[in-house]
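See structure below.
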Amino acid sequence: MNGMFTGRSTDGEPTAGGAEPEPETGTEAGTEPGTEGTAPPRRAPGRRRSRTVLVAAAFVLVTAVAVVGALGLGGGDEGPAAPPRAGSAVAVTRTTLVERTKVEGTLGYGTEIPLPVKATGTVTWLPEAGTTAERGDTLLRVDDRPVVLLYGPLPMYRELGMTAGPTTAPEPGANGDTDPGGGADTGKGSGTGTGKGSGTGTAPPPTAPPAPAPPQPLRGMDVLQFESNLAALGYEGFTVDERFTTGTERAVKRWQKALGLPETGRIALGDVVYASGRVRLGRAGVRLGAAAGDNALTYTGTTRKVLVDASAQEASWAVRGTDVTVGLPDGSPVKGTVASVGRQATSPEGDGGGSGGPPTVPVTITVPDQRALGRLESGPVTVEYVGRKREKVLAVPVAALVALAEGGHGLETEDGRFVTARTGLFADGMVEVSGPALREGLKVRIPQ
């Protein structure tokens, strides 16, 4: 038609123009890539470059993730990278470490001791527990007689007063009771048998009793102790020495009159009790109407102190004169000093030695500033003492220590390195450290 011829398409249909079309590729020709008998599709140069850039970018991303994971700063294939590990940095310091240890104690007046009451009879008056008595005060009354407190180390062991002087026997021949010549007077005559006596043999007059010697002073250190107290109470007229004289006797009578006692001038064995100073009276060992005795009344000192049952194995700190800190129940600290340490270790109360509890020794701690204790008379307290001491050593907070996989301890520096640290004394939240890589001022991390 019209000088044009018809050809056939690939599907057998005639095409216009009489020229056969070029074979189509891929999906444009209706065939699937990779089918047998078809040529592989050609790719445009631009698409190959895009794919190369994407592969390179993926490689860089994977490499970055791997590096971050190796540094411990992140991980995982999904999500954003983890932030750096939290924690504060501190410097290694050079300081002095002091080990302080606390033990439990009890505040009070000490152990109650029986008063050495020598009076015999019926107890007719007792003081209230907790009463303070001083020189010249009445401790108790026995048969309604006061038992008075005096100061001194010697106990009352005998009656004090003037002693009677020794009597003197008459000398031989005195008062005509014996013949100086040695011959006895027979009362018979010595005549020549006239029946009448011519001698001097008359009966002697009766002998007079010997005159008593004047009283003699009593001597002794107990006299000096008593006279010192009598003078301290304001009585005069005698010399304070080891002689109980008539002057002492007159002063004693004045003292007895003031006490309402018979003025005998003598001090009976049970009239006085000696102590080292002022006392605080404790519980009575008898009731009114009972017989007096050594356990009639107990006492303590008037100074509050702290008693500690310290472990015998850890009592090296308990040395007389050692300074300690006493923590009161309200939390306030008070300075104390070790006054005495027991020499005998005992098992815990009620233990009986069967439970294996550690033995203890008693430690007494005095508190010089009694006003700092306030009105507290007794109660549980803590005693803090200083143990070991290390001067000018490297130290870090205990929280900075980390456990190493190979064993021991280490410290993490700011740049993430771990260095070995040998530990020493632990005190007040700090620990002594040493090692070749450690120096003063080195910053280390406290992990959180």
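Chain identifiers are assigned as A, B, and so on, following the order in which chains appear in the structure tokens; residues are numbered from 1 within each chain, and ligands are numbered from 1 in order of appearance.
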Compile the contact shell of Tyr109 of chain A as a PyMOL selection string: residues with an atom at most 7 Å away, counting only C-alpha atoms, same-chain residues fewer than 4 positions apart removed. chain A and resi 300-305
List as an NGL selection string the protein and nucleic acid residues near segment 255-263 of chain A, meaning an atom at most 10 Å away when only C-alpha atoms are counted, but skip any in the same chain fewer than 6 places from it. :A and (136 or 138 or 144-146 or 148 or 230 or 233-235 or 249)
Counting only C-alpha atoms, what is within 12 Å of Val98 of chain A, bar same-chain residues fewer than 4 positions away, as a VMD selection string? chain A and resid 385 to 393 395 424 to 432
Dump C-alpha atoms for the selected residues as a short mmCIF file (atom, residue, chain, number, x, y, z; two decimals), in the first residue's frame?
data_model
loop_
_atom_site.label_atom_id
_atom_site.label_comp_id
_atom_site.auth_asym_id
_atom_site.auth_seq_id
_atom_site.Cartn_x
_atom_site.Cartn_y
_atom_site.Cartn_z
CA TYR A 385 39.84 5.17 120.19
CA VAL A 386 42.68 5.62 117.71
CA GLY A 387 44.31 2.47 116.40
CA ARG A 388 46.91 2.39 113.63
CA LYS A 389 48.22 5.54 112.00
CA ARG A 390 49.89 6.01 108.58
CA GLU A 391 51.48 9.35 107.79
CA LYS A 392 52.08 10.91 104.35
CA VAL A 393 50.77 8.01 102.23
CA ALA A 395 45.21 7.56 99.37
CA GLY A 424 46.98 -0.66 102.89
CA LEU A 425 45.18 1.00 105.79
CA PHE A 426 41.43 1.73 105.50
CA ALA A 427 40.28 4.73 107.53
CA ASP A 428 37.49 7.33 107.37
CA GLY A 429 36.30 6.23 103.92
CA MET A 430 39.81 6.42 102.43
CA VAL A 431 42.27 3.67 101.58
CA GLU A 432 46.03 3.70 101.36
#
For segment 246-248 of chain A: contacts at 10 Å, only C-alpha atoms, fewer than 6 positions along chain excluded, given as JSON, numbers by chain: {"A": [161, 162, 215, 216, 217, 223, 226, 227, 230, 231, 235, 236, 237, 238, 239, 240, 265, 266]}
Write to file, as a JSON list (two decimals), in the first residue's frame, the residues of the selection just made, with N, CA, C and O atoms.
[["chain", "number", "residue", "atom", "x", "y", "z"],
["A", 161, "GLY", "N", 41.19, 7.03, 172.51],
["A", 161, "GLY", "CA", 41.00, 7.79, 173.74],
["A", 161, "GLY", "C", 42.25, 7.72, 174.59],
["A", 161, "GLY", "O", 43.26, 7.09, 174.24],
["A", 162, "MET", "N", 42.22, 8.38, 175.73],
["A", 162, "MET", "CA", 43.33, 8.33, 176.67],
["A", 162, "MET", "C", 43.38, 6.95, 177.30],
["A", 162, "MET", "O", 42.34, 6.38, 177.63],
["A", 215, "PRO", "N", 46.39, 9.14, 183.24],
["A", 215, "PRO", "CA", 46.18, 8.56, 181.91],
["A", 215, "PRO", "C", 47.32, 8.91, 180.96],
["A", 215, "PRO", "O", 47.89, 10.01, 181.03],
["A", 216, "GLN", "N", 47.61, 8.00, 180.08],
["A", 216, "GLN", "CA", 48.70, 8.17, 179.13],
["A", 216, "GLN", "C", 48.13, 8.40, 177.71],
["A", 216, "GLN", "O", 47.09, 7.85, 177.35],
["A", 217, "PRO", "N", 48.82, 9.23, 176.90],
["A", 217, "PRO", "CA", 48.35, 9.46, 175.53],
["A", 217, "PRO", "C", 48.43, 8.18, 174.69],
["A", 217, "PRO", "O", 49.36, 7.39, 174.84],
["A", 223, "VAL", "N", 45.63, 7.76, 165.10],
["A", 223, "VAL", "CA", 45.36, 8.97, 165.88],
["A", 223, "VAL", "C", 45.60, 10.21, 165.03],
["A", 223, "VAL", "O", 44.79, 11.16, 165.04],
["A", 226, "PHE", "N", 42.69, 10.62, 162.65],
["A", 226, "PHE", "CA", 41.47, 11.12, 163.30],
["A", 226, "PHE", "C", 41.61, 12.59, 163.67],
["A", 226, "PHE", "O", 40.68, 13.39, 163.45],
["A", 227, "GLU", "N", 42.75, 12.99, 164.23],
["A", 227, "GLU", "CA", 42.93, 14.38, 164.62],
["A", 227, "GLU", "C", 42.91, 15.31, 163.39],
["A", 227, "GLU", "O", 42.44, 16.45, 163.48],
["A", 230, "LEU", "N", 39.30, 15.86, 162.74],
["A", 230, "LEU", "CA", 38.70, 16.69, 163.79],
["A", 230, "LEU", "C", 39.05, 18.17, 163.57],
["A", 230, "LEU", "O", 38.21, 19.05, 163.72],
["A", 231, "ALA", "N", 40.29, 18.42, 163.18],
["A", 231, "ALA", "CA", 40.70, 19.79, 162.90],
["A", 231, "ALA", "C", 40.00, 20.32, 161.65],
["A", 231, "ALA", "O", 39.62, 21.50, 161.61],
["A", 235, "TYR", "N", 37.44, 21.95, 164.93],
["A", 235, "TYR", "CA", 37.71, 21.84, 166.35],
["A", 235, "TYR", "C", 39.18, 22.12, 166.62],
["A", 235, "TYR", "O", 40.06, 21.71, 165.85],
["A", 236, "GLU", "N", 39.44, 22.81, 167.76],
["A", 236, "GLU", "CA", 40.79, 23.26, 168.10],
["A", 236, "GLU", "C", 41.14, 22.85, 169.52],
["A", 236, "GLU", "O", 40.37, 22.16, 170.20],
["A", 237, "GLY", "N", 42.35, 23.28, 169.94],
["A", 237, "GLY", "CA", 42.77, 23.01, 171.31],
["A", 237, "GLY", "C", 43.67, 21.82, 171.44],
["A", 237, "GLY", "O", 43.90, 21.35, 172.57],
["A", 238, "PHE", "N", 44.18, 21.32, 170.36],
["A", 238, "PHE", "CA", 45.09, 20.17, 170.39],
["A", 238, "PHE", "C", 46.06, 20.28, 169.22],
["A", 238, "PHE", "O", 45.84, 21.05, 168.27],
["A", 239, "THR", "N", 47.10, 19.51, 169.27],
["A", 239, "THR", "CA", 48.09, 19.46, 168.20],
["A", 239, "THR", "C", 47.83, 18.23, 167.34],
["A", 239, "THR", "O", 47.66, 17.13, 167.87],
["A", 240, "VAL", "N", 47.77, 18.45, 166.04],
["A", 240, "VAL", "CA", 47.54, 17.33, 165.12],
["A", 240, "VAL", "C", 48.84, 16.54, 165.00],
["A", 240, "VAL", "O", 49.80, 16.95, 164.32],
["A", 265, "GLY", "N", 34.54, 11.54, 175.56],
["A", 265, "GLY", "CA", 35.90, 11.84, 175.14],
["A", 265, "GLY", "C", 36.59, 10.68, 174.47],
["A", 265, "GLY", "O", 37.79, 10.74, 174.17],
["A", 266, "ARG", "N", 35.86, 9.62, 174.20],
["A", 266, "ARG", "CA", 36.43, 8.44, 173.56],
["A", 266, "ARG", "C", 35.63, 8.11, 172.29],
["A", 266, "ARG", "O", 34.42, 8.37, 172.24]]
What is the atom CA of Asp241 of chain A to atom CA of Thr264 of chain A distance in Å? 21.0 Å
Might you pull out every residue within 12 Å of Arg371 of chain A, with only C-alpha atoms counted and same-chain residues fewer than 4 positions away left off, and present them as a list in words?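 So the residues in contact are Thr303, Arg304, Val334, Lys335, Val367, Arg375, Leu376 and Glu377 of chain A.
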What's the 10 Å shell around Val306 of chain A, counting only C-alpha atoms, without same-chain residues fewer than 3 positions away, as a PyMOL selection string? chain A and resi 104-110+326+336-339+363-367+378-383
Deliver the residues from the most recent selection as a file, using N, CA and C atoms, as a PDB file, in the first residue's frame.
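The resulting file, result.pdb, is reproduced below:
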ATOM      1  N   GLU A 104      31.466  -0.456 122.712  1.00  0.00           N
ATOM      2  CA  GLU A 104      30.348  -0.074 123.572  1.00  0.00           C
ATOM      3  C   GLU A 104      30.798   0.030 125.024  1.00  0.00           C
ATOM      4  N   GLY A 105      30.199   0.978 125.740  1.00  0.00           N
ATOM      5  CA  GLY A 105      30.507   1.164 127.149  1.00  0.00           C
ATOM      6  C   GLY A 105      29.264   1.570 127.918  1.00  0.00           C
ATOM      7  N   THR A 106      29.435   1.752 129.224  1.00  0.00           N
ATOM      8  CA  THR A 106      28.326   2.122 130.097  1.00  0.00           C
ATOM      9  C   THR A 106      28.756   3.276 130.983  1.00  0.00           C
ATOM     10  N   LEU A 107      27.951   4.332 130.987  1.00  0.00           N
ATOM     11  CA  LEU A 107      28.209   5.483 131.849  1.00  0.00           C
ATOM     12  C   LEU A 107      27.573   5.245 133.211  1.00  0.00           C
ATOM     13  N   GLY A 108      28.295   5.590 134.268  1.00  0.00           N
ATOM     14  CA  GLY A 108      27.768   5.430 135.615  1.00  0.00           C
ATOM     15  C   GLY A 108      28.778   5.917 136.637  1.00  0.00           C
ATOM     16  N   TYR A 109      28.567   5.505 137.879  1.00  0.00           N
ATOM     17  CA  TYR A 109      29.464   5.902 138.967  1.00  0.00           C
ATOM     18  C   TYR A 109      30.415   4.790 139.372  1.00  0.00           C
ATOM     19  N   GLY A 110      30.398   3.701 138.673  1.00  0.00           N
ATOM     20  CA  GLY A 110      31.281   2.598 139.008  1.00  0.00           C
ATOM     21  C   GLY A 110      30.577   1.536 139.838  1.00  0.00           C
ATOM     22  N   VAL A 326      34.195   9.848 123.972  1.00  0.00           N
ATOM     23  CA  VAL A 326      32.984   9.185 124.456  1.00  0.00           C
ATOM     24  C   VAL A 326      31.789   9.785 123.733  1.00  0.00           C
ATOM     25  N   GLY A 336      37.563  11.782 126.973  1.00  0.00           N
ATOM     26  CA  GLY A 336      37.805  10.899 128.105  1.00  0.00           C
ATOM     27  C   GLY A 336      39.236  10.408 128.117  1.00  0.00           C
ATOM     28  N   THR A 337      39.639   9.800 129.237  1.00  0.00           N
ATOM     29  CA  THR A 337      40.996   9.293 129.402  1.00  0.00           C
ATOM     30  C   THR A 337      40.939   7.937 130.088  1.00  0.00           C
ATOM     31  N   VAL A 338      41.718   6.984 129.593  1.00  0.00           N
ATOM     32  CA  VAL A 338      41.785   5.664 130.215  1.00  0.00           C
ATOM     33  C   VAL A 338      42.448   5.813 131.585  1.00  0.00           C
ATOM     34  N   ALA A 339      41.721   5.433 132.641  1.00  0.00           N
ATOM     35  CA  ALA A 339      42.227   5.575 134.008  1.00  0.00           C
ATOM     36  C   ALA A 339      42.820   4.280 134.542  1.00  0.00           C
ATOM     37  N   VAL A 363      37.868  -1.953 131.523  1.00  0.00           N
ATOM     38  CA  VAL A 363      38.601  -0.709 131.286  1.00  0.00           C
ATOM     39  C   VAL A 363      37.775   0.437 131.852  1.00  0.00           C
ATOM     40  N   THR A 364      38.381   1.254 132.706  1.00  0.00           N
ATOM     41  CA  THR A 364      37.703   2.403 133.304  1.00  0.00           C
ATOM     42  C   THR A 364      38.196   3.680 132.642  1.00  0.00           C
ATOM     43  N   ILE A 365      37.251   4.503 132.203  1.00  0.00           N
ATOM     44  CA  ILE A 365      37.557   5.752 131.499  1.00  0.00           C
ATOM     45  C   ILE A 365      36.951   6.903 132.290  1.00  0.00           C
ATOM     46  N   THR A 366      37.777   7.878 132.624  1.00  0.00           N
ATOM     47  CA  THR A 366      37.293   9.049 133.351  1.00  0.00           C
ATOM     48  C   THR A 366      36.956  10.170 132.373  1.00  0.00           C
ATOM     49  N   VAL A 367      36.041  11.044 132.791  1.00  0.00           N
ATOM     50  CA  VAL A 367      35.626  12.198 131.990  1.00  0.00           C
ATOM     51  C   VAL A 367      35.971  13.448 132.799  1.00  0.00           C
ATOM     52  N   SER A 378      23.537   7.769 134.011  1.00  0.00           N
ATOM     53  CA  SER A 378      23.862   6.418 133.565  1.00  0.00           C
ATOM     54  C   SER A 378      23.255   6.193 132.192  1.00  0.00           C
ATOM     55  N   GLY A 379      23.777   5.187 131.492  1.00  0.00           N
ATOM     56  CA  GLY A 379      23.254   4.863 130.176  1.00  0.00           C
ATOM     57  C   GLY A 379      24.334   4.312 129.263  1.00  0.00           C
ATOM     58  N   PRO A 380      23.929   3.756 128.115  1.00  0.00           N
ATOM     59  CA  PRO A 380      24.910   3.212 127.165  1.00  0.00           C
ATOM     60  C   PRO A 380      25.599   4.337 126.389  1.00  0.00           C
ATOM     61  N   VAL A 381      26.884   4.175 126.159  1.00  0.00           N
ATOM     62  CA  VAL A 381      27.675   5.137 125.393  1.00  0.00           C
ATOM     63  C   VAL A 381      28.605   4.363 124.464  1.00  0.00           C
ATOM     64  N   THR A 382      29.252   5.080 123.552  1.00  0.00           N
ATOM     65  CA  THR A 382      30.277   4.493 122.694  1.00  0.00           C
ATOM     66  C   THR A 382      31.614   5.137 123.020  1.00  0.00           C
ATOM     67  N   VAL A 383      32.657   4.359 122.868  1.00  0.00           N
ATOM     68  CA  VAL A 383      34.012   4.844 123.109  1.00  0.00           C
ATOM     69  C   VAL A 383      34.806   4.660 121.819  1.00  0.00           C
TER      70      VAL A 383
END
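For the pair atom CA of Lys102 of chain A and atom CA of Thr360 of chain A, the separation is 15.5 Å.
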Between atom CA of Arg250 of chain A and atom CA of Asp271 of chain A, distance in Å (one decimal): 17.2 Å
Pull the strand (DSSP E or B) assignments for segment 100-344 of chain A out of DSSP run on the backbone, and list those residues as a VMD selection string. chain A and resid 100 to 108 113 to 114 122 to 125 132 to 133 138 to 142 145 to 151 160 163 216 218 to 219 243 to 244 267 272 to 275 279 to 284 291 297 to 300 305 to 311 323 to 327 333 to 341
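Of the listed residues (A:Ala291, A:Val273, A:Leu97, A:Leu149), A:Ala291 comes nearest to Gly121 of chain A; the distances count only C-alpha atoms.
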